[in-house]
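For reference, the structure discussed in these notes is given below.
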2 protein chains.
Amino acid sequence: MAVSTLAQGASVLPLDEILDGDCIKVMNALPEGSVDLIFADPPYNLQLRGELHRPDNSRVDAVDDAWDQFDSFKAYDTFTRAWLKAARRLLKPNGAIWVIGSYHNIFRVGTALQDAGFWILNDVVWRKSNPMPNFRGKRLTNAHETMIWASKSEGAKYTFNYEALKELNEGVQMRSDWVLPICSGHERLKDDNGDKAHPTQKPESLLHRVLVGSTNPGDVVLDPFFGTGTTGAVAKLLGRHYIGIEREESYRKVAAKRLGQVRPLEASALETTISKRAQPRVAFGQLVERGLLRPGEVLVNPRGQAAKVRVDGSLVSAEHRGSIHQVGAALENAPSCNGWTYWQFKRDGRLIPIDLLRQQIRSEMHD
Amino acid sequence: MAVSTLAQGASVLPLDEILDGDCIKVMNALPEGSVDLIFADPPYNLQLRGELHRPDNSRVDAVDDAWDQFDSFKAYDTFTRAWLKAARRLLKPNGAIWVIGSYHNIFRVGTALQDAGFWILNDVVWRKSNPMPNFRGKRLTNAHETMIWASKSEGAKYTFNYEALKELNEGVQMRSDWVLPICSGHERLKDDNGDKAHPTQKPESLLHRVLVGSTNPGDVVLDPFFGTGTTGAVAKLLGRHYIGIEREESYRKVAAKRLGQVRPLEASALETTISKRAQPRVAFGQLVERGLLRPGEVLVNPRGQAAKVRVDGSLVSAEHRGSIHQVGAALENAPSCNGWTYWQFKRDGRLIPIDLLRQQIRSEMHD
DNA sequence: ACCACCCGTGAATCCAGTA
DNA sequence: TTACTGGATTCACGGGTGG
């Protein structure tokens, strides 16, 4: 994991190194058609206006680094098309690329990929199990990021380890949405002050799935925005070669130290477990959205008291309003109430527990 | 649900109708700034080898016509930018748009939205609980579609029913990934032959969430690619007005029949949890004016610090003076503070939150 | 050792009404 | 248009502390 400055026009691929410099120049100095996979986490071009505070008045540590600032969409597009062109030149004919982004930049990246001749294979949604909430209640919780997986060109024979991913997914086909936690805890690298070493470090679990699914042992994986080297760490662990490009010295330093601590897995151990999937919660409102209960319909409790369903899944009784649990608790004058087992609805003159509808939704979710 | 052909230059908005014709021409004939929400499910027809159609539905002659990939994207972009321009003209200043698509087209749509001046609020992933599997095992199961939600411009005051969506999500704020089944079963409309009436009919549950979250009863919702009218059906059910545009007669026919069978919900079922923001403002000074608090009376914060009420409704503590919010913020050394939930007063030796007095005034205002 | 509780924090385009 | 100010707003974890 030496950190090296690349001489112009190198004809030999520097494997398992972190290269210093602007990614476009460095990529153009590497030999054409020599890389199996590129994983890129480019700047997102977030356009943050002012400071943001949590409801408890603590300040959100935003991504305000200079490398994420662009003057306009046009400037961002120019940058994107330039690095994608250099990246495409580097790829072997059957190579592929992954690019990750958010709604701020991913549409521009996707358009540029298509215009450059890449052939999109899937867009993959990383659904974060623990995203940061929306503190002001003005939008939906931004709970996912998008990755685009594309081959160098249409008809190319890209690598796809279908069986391995199926295995990772408990025996069923891997889907285009991946539920994984964000990078936190001990995995999150800190600097000497104890602050996060990089504002946007990606979880290794994400790269694990990418590399298991779209590379083979011994392949060369390049990351032009190396940061703290998550791509390199997982590549090395999985017996792939990496090439990292990073222009910020502080990130290179952290990455080099990190990579020095990675010990590749034995060939026999290249299969790992996956994080368990949380049992999805079913919201009562889904019964309304999906037409299993009609807004305005009446639910009945064990005492025969009635409450009416509203479009947002809340209930209204003669004296109370709120969730199925809240209204149930109020009617029972109890501290809490499981609304799912408390309420019934009428069908064909018979009373049916609403929990049966929840079970129906749960069973559909497993399909 | 009459189906009508729009006369050029109509100055009156035809509500709750299905309009016949090309959506760009029809939209341009409707009055500017008259629509609250646009939901659009534009054609995806990219990368569909074999039967090629241009976005304007003209057939491609594979022999004479050089229909390479770049031309295809270029034509799609031209089409997209044209209908988005017409759509944006139609929107009220505080209106918003939703566009749904897949990786074939959504990146181009997103780029065009941004370039047209729309301001992206969220990208929302519709995670299909029952997608079609990938039969050949060559890619990931394409298990989601992407919706982009955007306001007409940056800084616009778009509609967002935060509390209603939170209620729909079992009391936690709604995320940007929605798990919903595809449209199937009885909901899936069939033609006279028993085949599906439309290839990409969207589930009503999806529109339910969109319309509850980003419109109010009475709003005007336009769908320029109406198809079998899912947008209209849910809008009518929820007490919103719809305008559908569809150029295929067979779809219009199915949609008209469908809409005729929809019976709007009662107003009481349409109500949702009212936002605190929407409640009338109460000035703290009113508590003094009305004698609920006496001038000179002492308020106490959570730390036990005291402040005295003055005749004009301002507070004085040992070191600070100003509004209940300002003194609270100063004592907490915080950027802001909600004085209503921060201060308490004493009655009969017990501490009571001043917010209770505000609620008392508010309830009197309803009488 | 274990559990309960508190605290910190994460790629964020995050306010509205009035003077 | 700008300035000011009232006041509304958070979910899932991990780690550390204290009992």
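Residues are referred to by chain and number: the chain letter is A, B, ... according to the order shown in the structure tokens, the number counts from 1 in that chain, and ligands are numbered separately from 1 in the order shown.
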
Surrounding residues of DA19 in chain C excluding itself and chain neighbours under 6 positions, 12 Å, only C-alpha atoms (C1' of nucleotides), as JSON, numbers by chain | {"D": [2, 3, 4, 5]}

For chain B, work out the contacting residues on chain C at 12 Å, counting only C-alpha atoms (C1' of nucleotides), and write them as a list in words.
->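 Filtering chain C at 12 Å from chain B with only C-alpha atoms (C1' of nucleotides) gives DA12, DT13, DC14, DC15, DA16 and DG17 of chain C.
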
Could you list, as a PDB file with all heavy atoms, in the first residue's frame, every residue of chain D that has an atom within 12 Å of an atom of chain B, counting only C-alpha atoms (C1' of nucleotides)?
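Just written: part_7.pdb:
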```
ATOM      1  P    DT D   5     -35.771  40.885  16.610  1.00  0.00           P
ATOM      2  OP1  DT D   5     -35.964  41.932  17.606  1.00  0.00           O
ATOM      3  OP2  DT D   5     -34.500  40.151  16.509  1.00  0.00           O
ATOM      4  O5'  DT D   5     -36.930  39.817  16.767  1.00  0.00           O
ATOM      5  C5'  DT D   5     -38.259  40.177  16.400  1.00  0.00           C
ATOM      6  C4'  DT D   5     -39.102  38.928  16.321  1.00  0.00           C
ATOM      7  O4'  DT D   5     -38.951  38.312  15.031  1.00  0.00           O
ATOM      8  C3'  DT D   5     -38.718  37.839  17.351  1.00  0.00           C
ATOM      9  O3'  DT D   5     -39.905  37.235  17.798  1.00  0.00           O
ATOM     10  C2'  DT D   5     -37.911  36.862  16.519  1.00  0.00           C
ATOM     11  C1'  DT D   5     -38.698  36.938  15.213  1.00  0.00           C
ATOM     12  N1   DT D   5     -37.989  36.405  14.025  1.00  0.00           N
ATOM     13  C2   DT D   5     -38.726  35.820  13.034  1.00  0.00           C
ATOM     14  O2   DT D   5     -39.935  35.720  13.084  1.00  0.00           O
ATOM     15  N3   DT D   5     -37.994  35.349  11.976  1.00  0.00           N
ATOM     16  C4   DT D   5     -36.618  35.418  11.816  1.00  0.00           C
ATOM     17  O4   DT D   5     -36.075  34.972  10.831  1.00  0.00           O
ATOM     18  C5   DT D   5     -35.899  36.054  12.897  1.00  0.00           C
ATOM     19  C7   DT D   5     -34.405  36.171  12.833  1.00  0.00           C
ATOM     20  C6   DT D   5     -36.609  36.504  13.932  1.00  0.00           C
ATOM     21  P    DG D   6     -40.054  36.772  19.301  1.00  0.00           P
ATOM     22  OP1  DG D   6     -40.429  37.947  20.106  1.00  0.00           O
ATOM     23  OP2  DG D   6     -38.887  35.952  19.687  1.00  0.00           O
ATOM     24  O5'  DG D   6     -41.328  35.818  19.209  1.00  0.00           O
ATOM     25  C5'  DG D   6     -42.456  36.263  18.453  1.00  0.00           C
ATOM     26  C4'  DG D   6     -43.070  35.083  17.727  1.00  0.00           C
ATOM     27  O4'  DG D   6     -42.232  34.724  16.587  1.00  0.00           O
ATOM     28  C3'  DG D   6     -43.196  33.807  18.559  1.00  0.00           C
ATOM     29  O3'  DG D   6     -44.423  33.181  18.204  1.00  0.00           O
ATOM     30  C2'  DG D   6     -41.994  32.977  18.134  1.00  0.00           C
ATOM     31  C1'  DG D   6     -41.868  33.346  16.666  1.00  0.00           C
ATOM     32  N9   DG D   6     -40.536  33.232  16.085  1.00  0.00           N
ATOM     33  C8   DG D   6     -39.350  33.705  16.607  1.00  0.00           C
ATOM     34  N7   DG D   6     -38.321  33.466  15.843  1.00  0.00           N
ATOM     35  C5   DG D   6     -38.841  32.794  14.757  1.00  0.00           C
ATOM     36  C6   DG D   6     -38.212  32.275  13.600  1.00  0.00           C
ATOM     37  O6   DG D   6     -37.013  32.314  13.302  1.00  0.00           O
ATOM     38  N1   DG D   6     -39.121  31.667  12.740  1.00  0.00           N
ATOM     39  C2   DG D   6     -40.468  31.575  12.976  1.00  0.00           C
ATOM     40  N2   DG D   6     -41.202  30.949  12.041  1.00  0.00           N
ATOM     41  N3   DG D   6     -41.081  32.053  14.050  1.00  0.00           N
ATOM     42  C4   DG D   6     -40.211  32.650  14.893  1.00  0.00           C
ATOM     43  P    DG D   7     -45.077  32.138  19.143  1.00  0.00           P
ATOM     44  OP1  DG D   7     -46.504  32.108  18.829  1.00  0.00           O
ATOM     45  OP2  DG D   7     -44.615  32.414  20.515  1.00  0.00           O
ATOM     46  O5'  DG D   7     -44.421  30.767  18.660  1.00  0.00           O
ATOM     47  C5'  DG D   7     -44.739  30.281  17.370  1.00  0.00           C
ATOM     48  C4'  DG D   7     -43.865  29.092  17.067  1.00  0.00           C
ATOM     49  O4'  DG D   7     -42.536  29.552  16.670  1.00  0.00           O
ATOM     50  C3'  DG D   7     -43.626  28.140  18.270  1.00  0.00           C
ATOM     51  O3'  DG D   7     -43.695  26.797  17.821  1.00  0.00           O
ATOM     52  C2'  DG D   7     -42.180  28.428  18.645  1.00  0.00           C
ATOM     53  C1'  DG D   7     -41.610  28.666  17.263  1.00  0.00           C
ATOM     54  N9   DG D   7     -40.284  29.242  17.222  1.00  0.00           N
ATOM     55  C8   DG D   7     -39.633  29.967  18.190  1.00  0.00           C
ATOM     56  N7   DG D   7     -38.417  30.320  17.861  1.00  0.00           N
ATOM     57  C5   DG D   7     -38.256  29.793  16.586  1.00  0.00           C
ATOM     58  C6   DG D   7     -37.145  29.845  15.717  1.00  0.00           C
ATOM     59  O6   DG D   7     -36.048  30.382  15.898  1.00  0.00           O
ATOM     60  N1   DG D   7     -37.407  29.186  14.516  1.00  0.00           N
ATOM     61  C2   DG D   7     -38.581  28.554  14.210  1.00  0.00           C
ATOM     62  N2   DG D   7     -38.658  27.970  13.014  1.00  0.00           N
ATOM     63  N3   DG D   7     -39.630  28.496  15.012  1.00  0.00           N
ATOM     64  C4   DG D   7     -39.393  29.134  16.180  1.00  0.00           C
ATOM     65  P    DA D   8     -45.125  26.034  17.927  1.00  0.00           P
ATOM     66  OP1  DA D   8     -46.221  26.896  17.509  1.00  0.00           O
ATOM     67  OP2  DA D   8     -45.152  25.405  19.259  1.00  0.00           O
ATOM     68  O5'  DA D   8     -44.932  24.885  16.844  1.00  0.00           O
ATOM     69  C5'  DA D   8     -44.951  25.237  15.475  1.00  0.00           C
ATOM     70  C4'  DA D   8     -44.097  24.279  14.684  1.00  0.00           C
ATOM     71  O4'  DA D   8     -42.746  24.791  14.574  1.00  0.00           O
ATOM     72  C3'  DA D   8     -43.990  22.886  15.305  1.00  0.00           C
ATOM     73  O3'  DA D   8     -44.124  21.914  14.272  1.00  0.00           O
ATOM     74  C2'  DA D   8     -42.602  22.867  15.931  1.00  0.00           C
ATOM     75  C1'  DA D   8     -41.821  23.822  15.040  1.00  0.00           C
ATOM     76  N9   DA D   8     -40.757  24.548  15.748  1.00  0.00           N
ATOM     77  C8   DA D   8     -40.844  25.168  16.965  1.00  0.00           C
ATOM     78  N7   DA D   8     -39.744  25.759  17.344  1.00  0.00           N
ATOM     79  C5   DA D   8     -38.863  25.513  16.298  1.00  0.00           C
ATOM     80  C6   DA D   8     -37.516  25.877  16.086  1.00  0.00           C
ATOM     81  N6   DA D   8     -36.794  26.594  16.954  1.00  0.00           N
ATOM     82  N1   DA D   8     -36.945  25.478  14.941  1.00  0.00           N
ATOM     83  C2   DA D   8     -37.673  24.755  14.060  1.00  0.00           C
ATOM     84  N3   DA D   8     -38.936  24.358  14.145  1.00  0.00           N
ATOM     85  C4   DA D   8     -39.477  24.773  15.299  1.00  0.00           C
ATOM     86  P    DT D   9     -44.392  20.383  14.716  1.00  0.00           P
ATOM     87  OP1  DT D   9     -45.310  19.784  13.747  1.00  0.00           O
ATOM     88  OP2  DT D   9     -44.698  20.357  16.161  1.00  0.00           O
ATOM     89  O5'  DT D   9     -42.962  19.744  14.511  1.00  0.00           O
ATOM     90  C5'  DT D   9     -42.368  19.778  13.220  1.00  0.00           C
ATOM     91  C4'  DT D   9     -40.961  19.267  13.317  1.00  0.00           C
ATOM     92  O4'  DT D   9     -40.081  20.337  13.707  1.00  0.00           O
ATOM     93  C3'  DT D   9     -40.760  18.189  14.372  1.00  0.00           C
ATOM     94  O3'  DT D   9     -40.761  16.919  13.731  1.00  0.00           O
ATOM     95  C2'  DT D   9     -39.403  18.497  14.993  1.00  0.00           C
ATOM     96  C1'  DT D   9     -38.959  19.774  14.333  1.00  0.00           C
ATOM     97  N1   DT D   9     -38.447  20.792  15.290  1.00  0.00           N
ATOM     98  C2   DT D   9     -37.247  21.403  15.000  1.00  0.00           C
ATOM     99  O2   DT D   9     -36.606  21.144  13.991  1.00  0.00           O
ATOM    100  N3   DT D   9     -36.825  22.308  15.934  1.00  0.00           N
ATOM    101  C4   DT D   9     -37.484  22.648  17.106  1.00  0.00           C
ATOM    102  O4   DT D   9     -37.001  23.470  17.864  1.00  0.00           O
ATOM    103  C5   DT D   9     -38.733  21.973  17.335  1.00  0.00           C
ATOM    104  C7   DT D   9     -39.518  22.284  18.566  1.00  0.00           C
ATOM    105  C6   DT D   9     -39.146  21.090  16.433  1.00  0.00           C
ATOM    106  P    DT D  10     -40.747  15.600  14.671  1.00  0.00           P
ATOM    107  OP1  DT D  10     -41.525  14.581  13.953  1.00  0.00           O
ATOM    108  OP2  DT D  10     -41.037  15.920  16.092  1.00  0.00           O
ATOM    109  O5'  DT D  10     -39.200  15.257  14.533  1.00  0.00           O
ATOM    110  C5'  DT D  10     -38.683  14.950  13.247  1.00  0.00           C
ATOM    111  C4'  DT D  10     -37.599  13.901  13.357  1.00  0.00           C
ATOM    112  O4'  DT D  10     -36.453  14.481  13.996  1.00  0.00           O
ATOM    113  C3'  DT D  10     -37.990  12.719  14.234  1.00  0.00           C
ATOM    114  O3'  DT D  10     -38.551  11.715  13.404  1.00  0.00           O
ATOM    115  C2'  DT D  10     -36.627  12.266  14.807  1.00  0.00           C
ATOM    116  C1'  DT D  10     -35.784  13.527  14.797  1.00  0.00           C
ATOM    117  N1   DT D  10     -35.600  14.150  16.139  1.00  0.00           N
ATOM    118  C2   DT D  10     -34.323  14.399  16.589  1.00  0.00           C
ATOM    119  O2   DT D  10     -33.329  14.104  15.952  1.00  0.00           O
ATOM    120  N3   DT D  10     -34.268  14.993  17.824  1.00  0.00           N
ATOM    121  C4   DT D  10     -35.331  15.350  18.628  1.00  0.00           C
ATOM    122  O4   DT D  10     -35.160  15.862  19.701  1.00  0.00           O
ATOM    123  C5   DT D  10     -36.651  15.071  18.087  1.00  0.00           C
ATOM    124  C7   DT D  10     -37.860  15.425  18.877  1.00  0.00           C
ATOM    125  C6   DT D  10     -36.709  14.483  16.880  1.00  0.00           C
ATOM    126  P    DC D  11     -39.248  10.435  14.068  1.00  0.00           P
ATOM    127  OP1  DC D  11     -40.360  10.014  13.203  1.00  0.00           O
ATOM    128  OP2  DC D  11     -39.472  10.680  15.490  1.00  0.00           O
ATOM    129  O5'  DC D  11     -38.083   9.353  13.927  1.00  0.00           O
ATOM    130  C5'  DC D  11     -37.789   8.849  12.640  1.00  0.00           C
ATOM    131  C4'  DC D  11     -36.639   7.877  12.712  1.00  0.00           C
ATOM    132  O4'  DC D  11     -35.404   8.590  12.965  1.00  0.00           O
ATOM    133  C3'  DC D  11     -36.731   6.808  13.794  1.00  0.00           C
ATOM    134  O3'  DC D  11     -36.368   5.585  13.190  1.00  0.00           O
ATOM    135  C2'  DC D  11     -35.714   7.266  14.844  1.00  0.00           C
ATOM    136  C1'  DC D  11     -34.666   7.929  13.953  1.00  0.00           C
ATOM    137  N1   DC D  11     -33.805   8.962  14.578  1.00  0.00           N
ATOM    138  C2   DC D  11     -32.492   9.140  14.106  1.00  0.00           C
ATOM    139  O2   DC D  11     -32.090   8.395  13.221  1.00  0.00           O
ATOM    140  N3   DC D  11     -31.718  10.102  14.661  1.00  0.00           N
ATOM    141  C4   DC D  11     -32.204  10.871  15.618  1.00  0.00           C
ATOM    142  N4   DC D  11     -31.406  11.810  16.114  1.00  0.00           N
ATOM    143  C5   DC D  11     -33.536  10.723  16.097  1.00  0.00           C
ATOM    144  C6   DC D  11     -34.303   9.762  15.554  1.00  0.00           C
ATOM    145  P    DA D  12     -36.594   4.217  13.851  1.00  0.00           P
ATOM    146  OP1  DA D  12     -37.429   3.404  12.953  1.00  0.00           O
ATOM    147  OP2  DA D  12     -36.995   4.407  15.269  1.00  0.00           O
ATOM    148  O5'  DA D  12     -35.116   3.613  13.815  1.00  0.00           O
ATOM    149  C5'  DA D  12     -34.401   3.697  12.601  1.00  0.00           C
ATOM    150  C4'  DA D  12     -32.934   3.479  12.858  1.00  0.00           C
ATOM    151  O4'  DA D  12     -32.368   4.653  13.476  1.00  0.00           O
ATOM    152  C3'  DA D  12     -32.628   2.314  13.795  1.00  0.00           C
ATOM    153  O3'  DA D  12     -31.553   1.586  13.264  1.00  0.00           O
ATOM    154  C2'  DA D  12     -32.272   2.995  15.109  1.00  0.00           C
ATOM    155  C1'  DA D  12     -31.620   4.269  14.612  1.00  0.00           C
ATOM    156  N9   DA D  12     -31.662   5.390  15.548  1.00  0.00           N
ATOM    157  C8   DA D  12     -32.664   5.716  16.416  1.00  0.00           C
ATOM    158  N7   DA D  12     -32.431   6.787  17.127  1.00  0.00           N
ATOM    159  C5   DA D  12     -31.184   7.206  16.693  1.00  0.00           C
ATOM    160  C6   DA D  12     -30.367   8.289  17.062  1.00  0.00           C
ATOM    161  N6   DA D  12     -30.709   9.187  17.987  1.00  0.00           N
ATOM    162  N1   DA D  12     -29.189   8.414  16.431  1.00  0.00           N
ATOM    163  C2   DA D  12     -28.847   7.520  15.500  1.00  0.00           C
ATOM    164  N3   DA D  12     -29.529   6.456  15.080  1.00  0.00           N
ATOM    165  C4   DA D  12     -30.700   6.354  15.718  1.00  0.00           C
TER     166       DA D  12
END
```

What is the Cα root-mean-square deviation, to one decimal place in Å, for chain B superposed on chain A with all Cα atoms matched in order?
->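 Here the C-alpha RMSD works out to 17.2 Å.
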
For chain A against chain B, which residues fall within 8 Å using only C-alpha atoms, given as JSON, numbers by chain?
-> {"A": [57, 103, 104, 106, 107, 108, 109, 110, 111, 115, 120, 121, 122, 123, 125, 127, 133, 137, 138, 139, 140, 141, 142, 143, 144, 160, 162, 173, 174, 175, 176, 177, 282, 283, 284, 285, 286, 289, 290, 291, 295, 296, 308, 309, 310, 311, 312, 313, 314, 323, 364, 365, 366, 367]}

Kindly save the residues from that selection, with N, CA and C atoms included, as a short mmCIF file (atom, residue, chain, number, x, y, z; two decimals), in the first residue's frame.
```
data_model
loop_
_atom_site.label_atom_id
_atom_site.label_comp_id
_atom_site.auth_asym_id
_atom_site.auth_seq_id
_atom_site.Cartn_x
_atom_site.Cartn_y
_atom_site.Cartn_z
N ASN A 57 -31.39 21.32 19.15
CA ASN A 57 -30.52 22.47 18.94
C ASN A 57 -29.07 22.14 18.63
N TYR A 103 -29.87 12.19 -5.19
CA TYR A 103 -30.68 12.91 -6.19
C TYR A 103 -30.03 14.22 -6.62
N HIS A 104 -29.07 14.69 -5.87
CA HIS A 104 -28.41 15.94 -6.26
C HIS A 104 -27.61 15.76 -7.54
N ILE A 106 -27.14 12.23 -9.17
CA ILE A 106 -27.15 10.92 -9.84
C ILE A 106 -27.81 10.97 -11.21
N PHE A 107 -28.76 11.91 -11.39
CA PHE A 107 -29.41 11.98 -12.70
C PHE A 107 -28.45 12.50 -13.75
N ARG A 108 -27.60 13.42 -13.33
CA ARG A 108 -26.61 13.95 -14.26
C ARG A 108 -25.55 12.90 -14.57
N VAL A 109 -25.19 12.13 -13.54
CA VAL A 109 -24.21 11.06 -13.75
C VAL A 109 -24.78 10.01 -14.70
N GLY A 110 -26.03 9.63 -14.46
CA GLY A 110 -26.65 8.61 -15.31
C GLY A 110 -26.74 9.05 -16.76
N THR A 111 -27.14 10.29 -16.95
CA THR A 111 -27.21 10.81 -18.31
C THR A 111 -25.83 10.81 -18.97
N ASP A 115 -24.63 8.83 -22.32
CA ASP A 115 -24.09 9.58 -23.45
C ASP A 115 -22.67 9.14 -23.81
N ILE A 120 -26.24 0.77 -19.18
CA ILE A 120 -26.69 0.56 -17.81
C ILE A 120 -27.26 -0.85 -17.63
N LEU A 121 -26.78 -1.53 -16.60
CA LEU A 121 -27.24 -2.89 -16.32
C LEU A 121 -28.33 -2.89 -15.24
N ASN A 122 -28.12 -2.13 -14.21
CA ASN A 122 -29.11 -1.94 -13.15
C ASN A 122 -28.85 -0.60 -12.48
N ASP A 123 -29.91 -0.03 -11.94
CA ASP A 123 -29.68 0.96 -10.89
C ASP A 123 -30.00 0.27 -9.57
N VAL A 125 -30.51 0.50 -5.45
CA VAL A 125 -30.83 1.42 -4.37
C VAL A 125 -30.26 0.89 -3.06
N ARG A 127 -30.77 1.11 0.44
CA ARG A 127 -31.75 1.59 1.44
C ARG A 127 -31.08 1.57 2.80
N PRO A 133 -32.66 11.49 10.00
CA PRO A 133 -34.03 11.94 9.74
C PRO A 133 -34.08 13.32 9.10
N GLY A 137 -39.15 18.41 9.16
CA GLY A 137 -40.45 17.92 8.73
C GLY A 137 -40.92 18.53 7.42
N LYS A 138 -39.99 18.85 6.55
CA LYS A 138 -40.35 19.52 5.31
C LYS A 138 -40.27 18.61 4.09
N ARG A 139 -39.65 17.47 4.26
CA ARG A 139 -39.54 16.52 3.14
C ARG A 139 -39.58 15.11 3.70
N LEU A 140 -39.49 14.16 2.78
CA LEU A 140 -39.36 12.77 3.21
C LEU A 140 -37.94 12.54 3.73
N THR A 141 -37.82 11.64 4.67
CA THR A 141 -36.49 11.24 5.11
C THR A 141 -35.69 10.74 3.92
N ASN A 142 -34.55 11.33 3.69
CA ASN A 142 -33.73 10.92 2.56
C ASN A 142 -32.99 9.64 2.95
N ALA A 143 -33.63 8.51 2.70
CA ALA A 143 -33.21 7.26 3.32
C ALA A 143 -32.47 6.32 2.37
N HIS A 144 -32.08 6.81 1.22
CA HIS A 144 -31.39 5.92 0.29
C HIS A 144 -30.38 6.68 -0.56
N PHE A 160 -20.84 -11.16 -13.77
CA PHE A 160 -21.95 -11.14 -12.81
C PHE A 160 -22.04 -12.49 -12.12
N TYR A 162 -24.01 -14.40 -10.37
CA TYR A 162 -25.41 -14.56 -10.00
C TYR A 162 -25.59 -15.46 -8.78
N GLN A 173 -32.94 -14.74 -5.64
CA GLN A 173 -32.29 -13.74 -6.49
C GLN A 173 -32.04 -12.42 -5.78
N MET A 174 -30.85 -11.90 -5.94
CA MET A 174 -30.56 -10.58 -5.37
C MET A 174 -31.37 -9.53 -6.12
N ARG A 175 -31.98 -8.65 -5.35
CA ARG A 175 -32.80 -7.60 -5.93
C ARG A 175 -32.00 -6.32 -6.13
N SER A 176 -32.64 -5.35 -6.73
CA SER A 176 -31.98 -4.07 -7.01
C SER A 176 -32.06 -3.11 -5.82
N ASP A 177 -32.62 -3.55 -4.71
CA ASP A 177 -32.61 -2.70 -3.51
C ASP A 177 -31.93 -3.45 -2.38
N VAL A 282 -45.27 -3.07 9.56
CA VAL A 282 -46.44 -2.76 8.73
C VAL A 282 -47.20 -1.61 9.39
N ALA A 283 -47.38 -0.55 8.66
CA ALA A 283 -48.15 0.57 9.19
C ALA A 283 -49.62 0.32 8.89
N PHE A 284 -50.47 0.67 9.84
CA PHE A 284 -51.91 0.51 9.64
C PHE A 284 -52.38 1.24 8.39
N GLY A 285 -51.73 2.40 8.13
CA GLY A 285 -52.12 3.19 6.97
C GLY A 285 -51.99 2.42 5.66
N GLN A 286 -51.09 1.42 5.64
CA GLN A 286 -50.94 0.65 4.40
C GLN A 286 -52.22 -0.10 4.04
N GLU A 289 -54.13 2.57 2.19
CA GLU A 289 -53.54 2.85 0.89
C GLU A 289 -53.83 1.74 -0.10
N ARG A 290 -53.78 0.54 0.40
CA ARG A 290 -53.88 -0.60 -0.50
C ARG A 290 -55.30 -1.10 -0.64
N GLY A 291 -56.23 -0.35 -0.09
CA GLY A 291 -57.64 -0.66 -0.34
C GLY A 291 -58.19 -1.83 0.46
N PRO A 295 -61.25 4.27 3.54
CA PRO A 295 -61.40 5.43 4.40
C PRO A 295 -62.88 5.69 4.67
N GLY A 296 -63.22 5.99 5.91
CA GLY A 296 -64.62 6.16 6.28
C GLY A 296 -65.22 4.89 6.86
N LYS A 308 -63.90 5.54 13.19
CA LYS A 308 -63.90 5.64 11.75
C LYS A 308 -62.48 5.81 11.21
N VAL A 309 -62.16 5.13 10.11
CA VAL A 309 -60.84 5.19 9.49
C VAL A 309 -60.72 6.41 8.59
N ARG A 310 -59.60 7.13 8.69
CA ARG A 310 -59.36 8.28 7.80
C ARG A 310 -58.27 7.98 6.78
N VAL A 311 -58.14 8.86 5.80
CA VAL A 311 -57.24 8.55 4.68
C VAL A 311 -55.79 8.37 5.10
N ASP A 312 -55.40 9.00 6.19
CA ASP A 312 -54.00 8.87 6.59
C ASP A 312 -53.78 7.71 7.56
N GLY A 313 -54.80 6.90 7.76
CA GLY A 313 -54.64 5.76 8.64
C GLY A 313 -54.88 6.08 10.10
N SER A 314 -55.35 7.26 10.38
CA SER A 314 -55.71 7.57 11.77
C SER A 314 -57.17 7.22 12.00
N SER A 323 -53.83 7.25 16.36
CA SER A 323 -53.53 5.96 15.74
C SER A 323 -54.45 4.89 16.32
N GLU A 364 -47.13 -11.10 1.74
CA GLU A 364 -46.78 -10.59 0.41
C GLU A 364 -45.37 -10.05 0.37
N MET A 365 -44.92 -9.52 1.50
CA MET A 365 -43.58 -8.93 1.53
C MET A 365 -42.50 -9.98 1.34
N HIS A 366 -42.80 -11.21 1.68
CA HIS A 366 -41.78 -12.25 1.54
C HIS A 366 -41.64 -12.73 0.12
N ASP A 367 -42.58 -12.37 -0.72
CA ASP A 367 -42.50 -12.83 -2.12
C ASP A 367 -41.32 -12.21 -2.84
#
```

Apply DSSP to the backbone of this structure and, from range 22-263 of chain A, keep only the residues in strand (DSSP E or B); write these as a ChimeraX atom specification.
-> /A:35-40,53,59,91-101,119-128,141,144-151,175,177-180,190,196,220-223,241-246

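The neighbours of range 2-7 of chain C here are the residues that come within 9 Å of it, using only C-alpha atoms (C1' of nucleotides) and leaving out any residue fewer than 4 positions away in the same chain; they are DG16, DT17, DG18 and DG19 of chain D.
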